[in-house]
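*Asks:* File coords.pdb follows (PDB, C-alpha atoms):
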```pdb
ATOM      1  CA  MET A  12     -18.657  21.327 -40.941
ATOM      2  CA  THR A  13     -16.647  21.329 -37.775
ATOM      3  CA  THR A  14     -16.992  18.941 -34.878
ATOM      4  CA  ASN A  15     -16.578  20.111 -31.355
ATOM      5  CA  VAL A  16     -14.241  17.761 -29.596
ATOM      6  CA  GLU A  17     -13.976  18.192 -25.871
ATOM      7  CA  PRO A  18     -10.405  18.109 -24.693
ATOM      8  CA  ALA A  19      -9.549  14.792 -23.052
ATOM      9  CA  ILE A  20      -9.773  14.815 -19.256
ATOM     10  CA  VAL A  21      -6.502  13.559 -17.831
ATOM     11  CA  PRO A  22      -6.173  12.606 -14.151
ATOM     12  CA  ASN A  23      -3.808  14.904 -12.352
ATOM     13  CA  PHE A  24      -1.544  12.150 -11.029
ATOM     14  CA  ASP A  25       1.424  14.398 -10.499
ATOM     15  CA  ALA A  26      -0.336  17.324  -8.842
ATOM     16  CA  VAL A  27       2.056  19.920  -7.498
ATOM     17  CA  GLU A  28       0.362  20.081  -4.086
ATOM     18  CA  GLY A  29       1.352  16.470  -3.405
ATOM     19  CA  GLU A  30       4.980  17.040  -4.311
ATOM     20  CA  GLY A  31       7.536  16.417  -1.611
ATOM     21  CA  ARG A  32       4.926  15.077   0.822
ATOM     22  CA  LYS A  33       6.402  12.938   3.591
ATOM     23  CA  ILE A  34       4.789  10.854   6.320
ATOM     24  CA  ALA A  35       6.538   9.614   9.455
ATOM     25  CA  ILE A  36       4.819   6.876  11.433
ATOM     26  CA  ILE A  37       5.953   5.952  14.927
ATOM     27  CA  CYS A  38       5.068   2.343  15.748
ATOM     28  CA  SER A  39       5.105   1.961  19.531
ATOM     29  CA  LYS A  40       2.853  -1.077  20.012
ATOM     30  CA  GLY A  41       3.601  -4.766  19.632
ATOM     31  CA  ASN A  42       0.046  -6.112  19.566
ATOM     32  CA  LEU A  43      -1.095  -7.675  16.323
ATOM     33  CA  ASP A  44      -4.089  -5.348  16.069
ATOM     34  CA  MET A  45      -1.942  -2.272  16.684
ATOM     35  CA  ALA A  46       0.650  -3.247  14.078
ATOM     36  CA  TYR A  47      -1.772  -3.043  11.180
ATOM     37  CA  PRO A  48      -2.842   0.626  11.225
ATOM     38  CA  ALA A  49       0.727   1.757  10.548
ATOM     39  CA  LEU A  50       1.263  -0.883   7.869
ATOM     40  CA  ILE A  51      -1.968  -0.115   6.054
ATOM     41  CA  LEU A  52      -1.577   3.659   6.169
ATOM     42  CA  GLY A  53       2.125   3.547   5.310
ATOM     43  CA  ASN A  54       1.471   1.239   2.388
ATOM     44  CA  ALA A  55      -1.403   3.417   1.158
ATOM     45  CA  ALA A  56       0.774   6.525   1.365
ATOM     46  CA  LEU A  57       3.522   4.848  -0.679
ATOM     47  CA  GLY A  58       0.957   3.927  -3.311
ATOM     48  CA  GLU A  59       0.103   7.625  -3.559
ATOM     49  CA  GLY A  60       3.693   8.578  -4.167
ATOM     50  CA  VAL A  61       4.312   9.850  -0.625
ATOM     51  CA  GLU A  62       7.702   9.303   1.059
ATOM     52  CA  VAL A  63       7.189   7.092   4.132
ATOM     53  CA  HIS A  64       9.367   6.511   7.201
ATOM     54  CA  LEU A  65       8.425   4.010   9.920
ATOM     55  CA  PHE A  66      10.127   4.251  13.326
ATOM     56  CA  PHE A  67       9.864   1.206  15.582
ATOM     57  CA  THR A  68      10.102   1.991  19.255
ATOM     58  CA  PHE A  69       9.260   0.319  22.565
ATOM     59  CA  TRP A  70       6.829  -2.565  21.965
ATOM     60  CA  GLY A  71       6.694  -1.642  18.306
ATOM     61  CA  PHE A  72      10.224  -3.060  18.115
ATOM     62  CA  ASP A  73       8.545  -6.500  18.102
ATOM     63  CA  MET A  74       7.384  -5.759  14.545
ATOM     64  CA  ILE A  75      10.971  -5.840  13.263
ATOM     65  CA  ASN A  76      12.589  -8.197  15.790
ATOM     66  CA  LYS A  77      13.265 -11.433  13.877
ATOM     67  CA  LYS A  78      12.261 -13.475  16.953
ATOM     68  CA  THR A  79       8.860 -11.857  17.449
ATOM     69  CA  MET A  80       7.756 -10.280  14.158
ATOM     70  CA  GLY A  81       5.917 -13.364  12.944
ATOM     71  CA  ASP A  82       4.300 -14.004  16.296
ATOM     72  CA  LEU A  83       2.488 -10.815  17.357
ATOM     73  CA  LYS A  84      -0.623 -11.468  19.396
ATOM     74  CA  PHE A  85      -4.057 -10.061  19.923
ATOM     75  CA  THR A  86      -5.673 -10.182  23.339
ATOM     76  CA  MET A  87      -9.202  -9.472  24.527
ATOM     77  CA  LEU A  88      -7.817  -8.333  27.881
ATOM     78  CA  GLY A  89      -8.255  -4.643  28.456
ATOM     79  CA  ASN A  90     -10.006  -4.282  25.114
ATOM     80  CA  THR A  91     -13.675  -3.465  25.678
ATOM     81  CA  ALA A  92     -14.262  -3.300  21.921
ATOM     82  CA  THR A  93     -14.502  -7.080  21.760
ATOM     83  CA  HIS A  94     -17.771  -6.686  23.736
ATOM     84  CA  MET A  95     -17.067  -9.877  25.661
ATOM     85  CA  PRO A  96     -16.829 -10.245  29.454
ATOM     86  CA  GLN A  97     -13.295  -9.174  30.405
ATOM     87  CA  GLY A  98     -12.882 -12.262  32.628
ATOM     88  CA  LEU A  99     -13.019 -14.506  29.572
ATOM     89  CA  GLY A 100      -9.906 -12.926  28.140
ATOM     90  CA  GLY A 101      -7.849 -14.158  31.063
ATOM     91  CA  LEU A 102      -8.729 -17.826  30.602
ATOM     92  CA  PRO A 103      -5.896 -20.048  29.359
ATOM     93  CA  GLY A 104      -5.707 -20.220  25.583
ATOM     94  CA  MET A 105      -7.932 -17.207  24.958
ATOM     95  CA  THR A 106      -5.156 -14.993  23.607
ATOM     96  CA  ALA A 107      -4.022 -17.750  21.233
ATOM     97  CA  MET A 108      -7.573 -18.239  20.040
ATOM     98  CA  ALA A 109      -8.253 -14.534  19.603
ATOM     99  CA  THR A 110      -4.956 -14.190  17.724
ATOM    100  CA  SER A 111      -5.633 -17.025  15.316
ATOM    101  CA  ARG A 112      -9.142 -15.695  14.620
ATOM    102  CA  MET A 113      -7.808 -12.239  13.878
ATOM    103  CA  LYS A 114      -5.067 -13.649  11.660
ATOM    104  CA  LYS A 115      -7.671 -15.593   9.739
ATOM    105  CA  SER A 116      -9.903 -12.570   9.149
ATOM    106  CA  ILE A 117      -6.902 -10.584   7.981
ATOM    107  CA  ALA A 118      -5.761 -13.360   5.633
ATOM    108  CA  ASP A 119      -9.288 -13.739   4.264
ATOM    109  CA  LEU A 120      -9.062 -10.158   3.016
ATOM    110  CA  ASP A 121      -5.749 -10.978   1.320
ATOM    111  CA  VAL A 122      -3.894  -8.674   3.692
ATOM    112  CA  PRO A 123      -0.388 -10.044   4.342
ATOM    113  CA  GLU A 124       1.071 -11.006   7.703
ATOM    114  CA  VAL A 125       3.301  -8.434   9.402
ATOM    115  CA  PRO A 126       6.713  -9.564   8.021
ATOM    116  CA  GLU A 127       5.398  -9.902   4.472
ATOM    117  CA  PHE A 128       3.606  -6.559   4.755
ATOM    118  CA  LEU A 129       6.890  -4.912   5.706
ATOM    119  CA  ASP A 130       8.516  -6.625   2.686
ATOM    120  CA  GLN A 131       5.908  -4.975   0.506
ATOM    121  CA  ILE A 132       6.440  -1.589   2.162
ATOM    122  CA  VAL A 133      10.182  -1.784   1.571
ATOM    123  CA  ALA A 134       9.649  -2.912  -2.037
ATOM    124  CA  SER A 135       7.414   0.137  -2.475
ATOM    125  CA  GLY A 136      10.226   2.407  -1.328
ATOM    126  CA  GLY A 137       9.327   2.775   2.367
ATOM    127  CA  HIS A 138      12.070   3.348   4.964
ATOM    128  CA  LEU A 139      12.320   1.381   8.220
ATOM    129  CA  TRP A 140      14.175   2.692  11.276
ATOM    130  CA  ALA A 141      14.774   1.088  14.664
ATOM    131  CA  CYS A 142      14.856   3.009  17.937
ATOM    132  CA  ARG A 143      18.279   3.130  19.619
ATOM    133  CA  LEU A 144      16.903   3.239  23.169
ATOM    134  CA  SER A 145      14.585   0.268  22.606
ATOM    135  CA  ALA A 146      17.458  -1.747  21.132
ATOM    136  CA  ASP A 147      19.666  -0.918  24.114
ATOM    137  CA  MET A 148      16.938  -1.693  26.669
ATOM    138  CA  ASN A 149      16.418  -5.144  25.180
ATOM    139  CA  ARG A 150      20.111  -5.689  24.385
ATOM    140  CA  LEU A 151      19.333  -6.130  20.715
ATOM    141  CA  GLY A 152      21.580  -5.275  17.800
ATOM    142  CA  ILE A 153      21.402  -4.934  14.035
ATOM    143  CA  ASP A 154      21.609  -8.741  13.629
ATOM    144  CA  ASP A 155      18.441  -9.243  15.665
ATOM    145  CA  ILE A 156      16.251  -7.167  13.412
ATOM    146  CA  ARG A 157      15.095  -7.340   9.791
ATOM    147  CA  ASP A 158      17.928  -6.841   7.325
ATOM    148  CA  ASP A 159      16.065  -4.093   5.521
ATOM    149  CA  VAL A 160      15.911  -1.817   8.586
ATOM    150  CA  GLU A 161      18.150   1.029   7.486
ATOM    151  CA  GLY A 162      19.593   1.732  10.894
ATOM    152  CA  ILE A 163      19.220   1.838  14.658
ATOM    153  CA  ILE A 164      18.931   5.536  15.310
ATOM    154  CA  SER A 165      18.212   7.950  18.140
ATOM    155  CA  ALA A 166      14.975   9.867  18.497
ATOM    156  CA  SER A 167      16.764  13.075  17.479
ATOM    157  CA  ASP A 168      18.100  11.437  14.321
ATOM    158  CA  PHE A 169      14.607  10.324  13.414
ATOM    159  CA  ILE A 170      13.232  13.816  13.959
ATOM    160  CA  GLU A 171      16.027  15.198  11.786
ATOM    161  CA  LYS A 172      15.420  12.668   8.984
ATOM    162  CA  THR A 173      11.712  13.416   8.900
ATOM    163  CA  ALA A 174      11.902  17.204   8.777
ATOM    164  CA  GLY A 175       8.711  18.590   7.302
ATOM    165  CA  ALA A 176       6.897  15.239   7.504
ATOM    166  CA  GLN A 177       3.368  14.684   8.707
ATOM    167  CA  LEU A 178       3.615  12.600  11.834
ATOM    168  CA  LEU A 179       1.515   9.769  13.107
ATOM    169  CA  PHE A 180       2.000   8.086  16.503
ATOM    170  CA  ILE A 181       0.509   4.647  16.894
TER     171      ILE A 181
ATOM    172  CA  MET B  11     -20.778  12.251 -17.285
ATOM    173  CA  PRO B  12     -18.367  13.779 -19.810
ATOM    174  CA  VAL B  13     -17.896  12.246 -23.229
ATOM    175  CA  THR B  14     -14.521  12.801 -24.741
ATOM    176  CA  THR B  15     -12.589  11.709 -27.794
ATOM    177  CA  LEU B  16      -9.150  10.236 -27.589
ATOM    178  CA  SER B  17      -7.214   8.921 -30.578
ATOM    179  CA  GLY B  18     -10.422   8.492 -32.550
ATOM    180  CA  HIS B  19     -12.304   6.724 -29.751
ATOM    181  CA  GLN B  20     -15.366   8.345 -28.263
ATOM    182  CA  ILE B  21     -15.260   7.444 -24.574
ATOM    183  CA  HIS B  22     -17.273   8.095 -21.423
ATOM    184  CA  VAL B  23     -15.152   9.203 -18.515
ATOM    185  CA  ASN B  24     -15.704  10.361 -14.935
ATOM    186  CA  ASP B  25     -14.667  13.806 -13.749
ATOM    187  CA  GLU B  26     -11.122  12.588 -13.138
ATOM    188  CA  GLY B  27     -10.759  11.074 -16.586
ATOM    189  CA  PHE B  28     -11.132   7.364 -15.759
ATOM    190  CA  LEU B  29     -13.252   5.395 -18.250
ATOM    191  CA  THR B  30     -16.694   4.624 -16.871
ATOM    192  CA  ASP B  31     -17.457   1.889 -19.391
ATOM    193  CA  PRO B  32     -14.611  -0.641 -19.562
ATOM    194  CA  SER B  33     -16.087  -2.101 -22.758
ATOM    195  CA  GLU B  34     -15.162   1.077 -24.662
ATOM    196  CA  TRP B  35     -11.509   0.155 -24.196
ATOM    197  CA  ASP B  36      -9.127  -1.548 -26.577
ATOM    198  CA  GLU B  37      -5.350  -1.788 -26.620
ATOM    199  CA  GLU B  38      -4.971   1.066 -29.056
ATOM    200  CA  LEU B  39      -6.854   3.268 -26.610
ATOM    201  CA  GLY B  40      -4.674   1.901 -23.811
ATOM    202  CA  THR B  41      -1.604   3.173 -25.644
ATOM    203  CA  ALA B  42      -3.232   6.590 -26.025
ATOM    204  CA  LEU B  43      -4.268   6.720 -22.348
ATOM    205  CA  ALA B  44      -0.732   5.798 -21.312
ATOM    206  CA  ALA B  45       0.686   8.557 -23.503
ATOM    207  CA  GLN B  46      -1.631  11.062 -21.775
ATOM    208  CA  ILE B  47       0.150  10.399 -18.489
ATOM    209  CA  GLY B  48       3.614  10.178 -20.004
ATOM    210  CA  ILE B  49       3.979   6.399 -20.093
ATOM    211  CA  THR B  50       5.286   4.531 -23.132
ATOM    212  CA  MET B  51       3.914   1.012 -23.218
ATOM    213  CA  THR B  52       6.373  -1.893 -23.323
ATOM    214  CA  ASP B  53       5.735  -5.647 -23.256
ATOM    215  CA  GLU B  54       6.082  -5.527 -19.461
ATOM    216  CA  HIS B  55       3.477  -2.756 -19.209
ATOM    217  CA  TRP B  56       1.127  -4.782 -21.399
ATOM    218  CA  LYS B  57       1.557  -7.836 -19.235
ATOM    219  CA  VAL B  58       0.274  -5.834 -16.260
ATOM    220  CA  VAL B  59      -2.542  -4.117 -18.142
ATOM    221  CA  ARG B  60      -3.738  -7.399 -19.686
ATOM    222  CA  TYR B  61      -3.707  -9.021 -16.250
ATOM    223  CA  LEU B  62      -5.792  -6.136 -14.864
ATOM    224  CA  ARG B  63      -8.313  -6.490 -17.690
ATOM    225  CA  ALA B  64      -8.590 -10.265 -17.296
ATOM    226  CA  ASP B  65      -8.865 -10.031 -13.512
ATOM    227  CA  PHE B  66     -11.520  -7.327 -13.725
ATOM    228  CA  ALA B  67     -13.538  -9.495 -16.117
ATOM    229  CA  THR B  68     -13.717 -12.304 -13.549
ATOM    230  CA  GLN B  69     -13.694 -10.351 -10.268
ATOM    231  CA  GLY B  70     -15.728  -7.293 -11.204
ATOM    232  CA  GLU B  71     -13.330  -4.973  -9.429
ATOM    233  CA  THR B  72      -9.919  -3.536 -10.168
ATOM    234  CA  ALA B  73      -6.984  -5.456  -8.703
ATOM    235  CA  THR B  74      -4.946  -3.676  -6.029
ATOM    236  CA  LEU B  75      -1.182  -3.383  -6.237
ATOM    237  CA  ARG B  76      -0.803  -6.353  -3.922
ATOM    238  CA  ARG B  77      -3.080  -8.484  -6.050
ATOM    239  CA  VAL B  78      -1.168  -7.605  -9.212
ATOM    240  CA  SER B  79       2.055  -8.660  -7.499
ATOM    241  CA  THR B  80       0.857 -11.848  -5.770
ATOM    242  CA  ASN B  81      -1.614 -13.109  -8.414
ATOM    243  CA  GLY B  82      -0.341 -11.303 -11.491
ATOM    244  CA  GLY B  83       3.270 -12.169 -10.743
ATOM    245  CA  VAL B  84       4.842  -8.738 -11.212
ATOM    246  CA  PRO B  85       6.912  -7.631  -8.187
ATOM    247  CA  VAL B  86       5.805  -4.470  -6.396
ATOM    248  CA  LYS B  87       9.176  -2.831  -6.932
ATOM    249  CA  GLN B  88       8.862  -3.292 -10.677
ATOM    250  CA  LEU B  89       5.326  -1.866 -10.655
ATOM    251  CA  PHE B  90       6.623   1.290  -8.980
ATOM    252  CA  ALA B  91       9.382   1.516 -11.604
ATOM    253  CA  MET B  92       6.985   1.089 -14.539
ATOM    254  CA  PHE B  93       4.153   3.272 -13.243
ATOM    255  CA  PRO B  94       5.964   5.768 -11.010
ATOM    256  CA  GLN B  95       4.470   7.473  -7.950
ATOM    257  CA  LYS B  96       0.916   6.147  -8.088
ATOM    258  CA  PRO B  97       1.144   2.711  -9.712
ATOM    259  CA  ALA B  98      -2.296   1.360  -8.782
ATOM    260  CA  LYS B  99      -4.167   4.370 -10.146
ATOM    261  CA  LYS B 100      -1.996   4.722 -13.247
ATOM    262  CA  MET B 101      -2.389   1.054 -14.164
ATOM    263  CA  ALA B 102      -6.160   1.249 -13.728
ATOM    264  CA  TYR B 103      -6.350   4.419 -15.823
ATOM    265  CA  ILE B 104      -4.410   2.882 -18.712
ATOM    266  CA  ALA B 105      -6.473  -0.316 -18.516
ATOM    267  CA  GLY B 106      -9.705   1.689 -18.752
ATOM    268  CA  LEU B 107     -10.867   0.475 -15.337
ATOM    269  CA  PRO B 108     -12.072   2.250 -12.171
ATOM    270  CA  LYS B 109      -9.576   3.103  -9.446
ATOM    271  CA  PRO B 110      -9.027   0.122  -7.141
ATOM    272  CA  GLN B 111     -11.244   0.189  -4.035
ATOM    273  CA  GLY B 112      -9.216  -2.109  -1.796
ATOM    274  CA  CYS B 113      -7.012  -0.680   0.979
ATOM    275  CA  VAL B 114      -4.161  -3.156   0.541
TER     276      VAL B 114
END
```
What does this structure look like when you write it as structure tokens?
*Replies:*
Amino acid sequence: MTTNVEPAIVPNFDAVEGEGRKIAIICSKGNLDMAYPALILGNAALGEGVEVHLFFTFWGFDMINKKTMGDLKFTMLGNTATHMPQGLGGLPGMTAMATSRMKKSIADLDVPEVPEFLDQIVASGGHLWACRLSADMNRLGIDDIRDDVEGIISASDFIEKTAGAQLLFI
Amino acid sequence: MPVTTLSGHQIHVNDEGFLTDPSEWDEELGTALAAQIGITMTDEHWKVVRYLRADFATQGETATLRRVSTNGGVPVKQLFAMFPQKPAKKMAYIAGLPKPQGCV
């Protein structure tokens, strides 16, 4: 008597179509709520074996500036998605309150703060790059930014380094 | 739902090959699952897989990479070295658990 044994189904973790995939994310905003999309997507891509490059430019530079990276803020002002009267957002203390509430909801989901999230991204093999023009505009140098930023580079250098990458501007 | 046999174990799997009933798993099967995806289990691998199993038993969901590093105490860098390319999914597969649902 013979038994029919179905061949084992093995997940195709190393599918050829995913090979060599690269994602470049341009982080141009320094608001707390606008820092997270890049961090979450970049981190997810790394976890899928995708090569990830983050480029910090303009206000996004705040995400890697040692002075500001732990102190990004969220404001209701100009953000209709809070569904609150816009006038409220301008009252003293409102930005601080909105920021601490958002930080709490993020922490409750066990999502790290921005600096720690970038630590995780680097540990996962992600690459961080700082924008030359933004550094010059703010008179900042390599000592002012996270040590794991691989370099302060021009826009053309970033484009060159990310040849063939899928690009996301945030 | 396909039923398949792996190293003498009859197991229920989904269409990707992940076990659908975590109770069908034992460490011998874990070794066989790891071999299927080209991973040889070491003590370090077992530490991670045992953490995943224990955490799943109390939480009811598969730990994400971040949870394995912060609660399980294995650094992210090491997880990428042990389970290359797609650590979260590979760990879950070997541990006979569903893919993690969490984003971070």
*Asks:* Which distance in Å separates atom CA of A:Ile156 and atom CA of A:Phe128, to one decimal?
*Replies:*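 Between these atoms lies a distance of 15.3 Å.
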*Asks:* Should the cut-off be 9 Å, what would the residue list for chain A against chain B look like, counting all atoms listed in the file, as a ChimeraX atom specification?
*Replies:* /A:16-25,51-52,54-55,57-61,120-123,131,133-136
*Asks:* Using the chain letters and residue numbers of this document, give as a list in words the residues selected by the PyMOL selection byres ((chain A and resi 66) around 8).
*Replies:* Ala35, Ile36, Ile37, Cys38, His64, Leu65, Phe67, Thr68, Leu139, Trp140, Ala141, Cys142 and Phe169 of chain A
*Asks:* By how many Å are atom CA of A:Gly152 and atom CA of A:Glu124 apart?
*Replies:* 23.6 Å
*Asks:* Record the distance separating atom CA of A:Met74 and atom CA of A:Glu161, expressed in Å with one decimal.
*Replies:* 14.6 Å
*Asks:* Given the file shown, determine the residues that the PyMOL selection byres ((chain A and resi 79) around 12) selects; report them as a list in words.
*Replies:*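 Written out, the selection comes to Gly41, Asn42, Leu43, Trp70, Gly71, Phe72, Asp73, Met74, Ile75, Asn76, Lys77, Lys78, Met80, Gly81, Asp82, Leu83, Lys84, Val125, Pro126, Asp155, Ile156 and Arg157 of chain A.
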*Asks:* For this structure, which residues satisfy the selection - the PyMOL selection byres ((chain A and resi 109) around 12) - when it is evaluated on the file as given? I want them as a PyMOL selection string.
*Replies:* chain A and resi 42-44+83-88+90+93+95+99-108+110-116
*Asks:* Have a look at A:Arg150, A:Glu62, A:Phe69, A:Gln97 and name the one nearest to A:Lys40; count only C-alpha atoms.
*Replies:*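 The closest residue to A:Lys40 is A:Phe69.
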*Asks:* Counting all atoms listed in the file, find residues at most 12 Å from (-15.1, 2.2, -14.3) (file frame) and give them as a ChimeraX atom specification.
*Replies:* /B:11,21-35,63,66-67,70-72,99,102-111
*Asks:* Find the residue from B:Thr74, B:Arg60, B:Met101, B:Gln69 that sits nearest to B:Ala44; use all atoms listed in the file when measuring.
*Replies:*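 Closest candidate: B:Met101.
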*Asks:* Find the residues around B:Asn81 up to 10 Å (only C-alpha atoms counted), leave out those fewer than 6 positions away in its own chain, and share them as number ranges by chain.
*Replies:* B: 61, 65, 73, 75
*Asks:* Closest to B:Gly83 among B:Val58, B:Ala64, B:Ile49, B:Ala42, using only C-alpha atoms?
*Replies:*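 Result for the nearest residue to B:Gly83: B:Val58.
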*Asks:* Under the rule that all atoms listed in the file are counted, which of B:Phe93, B:Val84, B:Asp36, B:Thr41 is the nearest residue to B:Lys57?
*Replies:*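 Ranked by minimum distance to B:Lys57, first place goes to B:Val84.
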*Asks:* Skipping near chain neighbours, those fewer than 5 positions away, what residues fall within 9 Å of A:Leu144 using only C-alpha atoms, listed as a list of chain:residue names?
*Replies:*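 Surrounding residues, per the criterion: A:Thr68, A:Phe69, A:Asn149, A:Ile163, A:Ile164, A:Ser165, A:Ala166.
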*Asks:* What box, with edges along x, y and z, holds each listed atom of stretch 80-84 of chain B when 6 Å is added on every side, and can you state its centre and edge lengths in Å to one decimal, as JSON?
*Replies:*
```
{"center_x": 1.6, "center_y": -10.9, "center_z": -8.6, "size_x": 18.5, "size_y": 16.4, "size_z": 17.7}
```
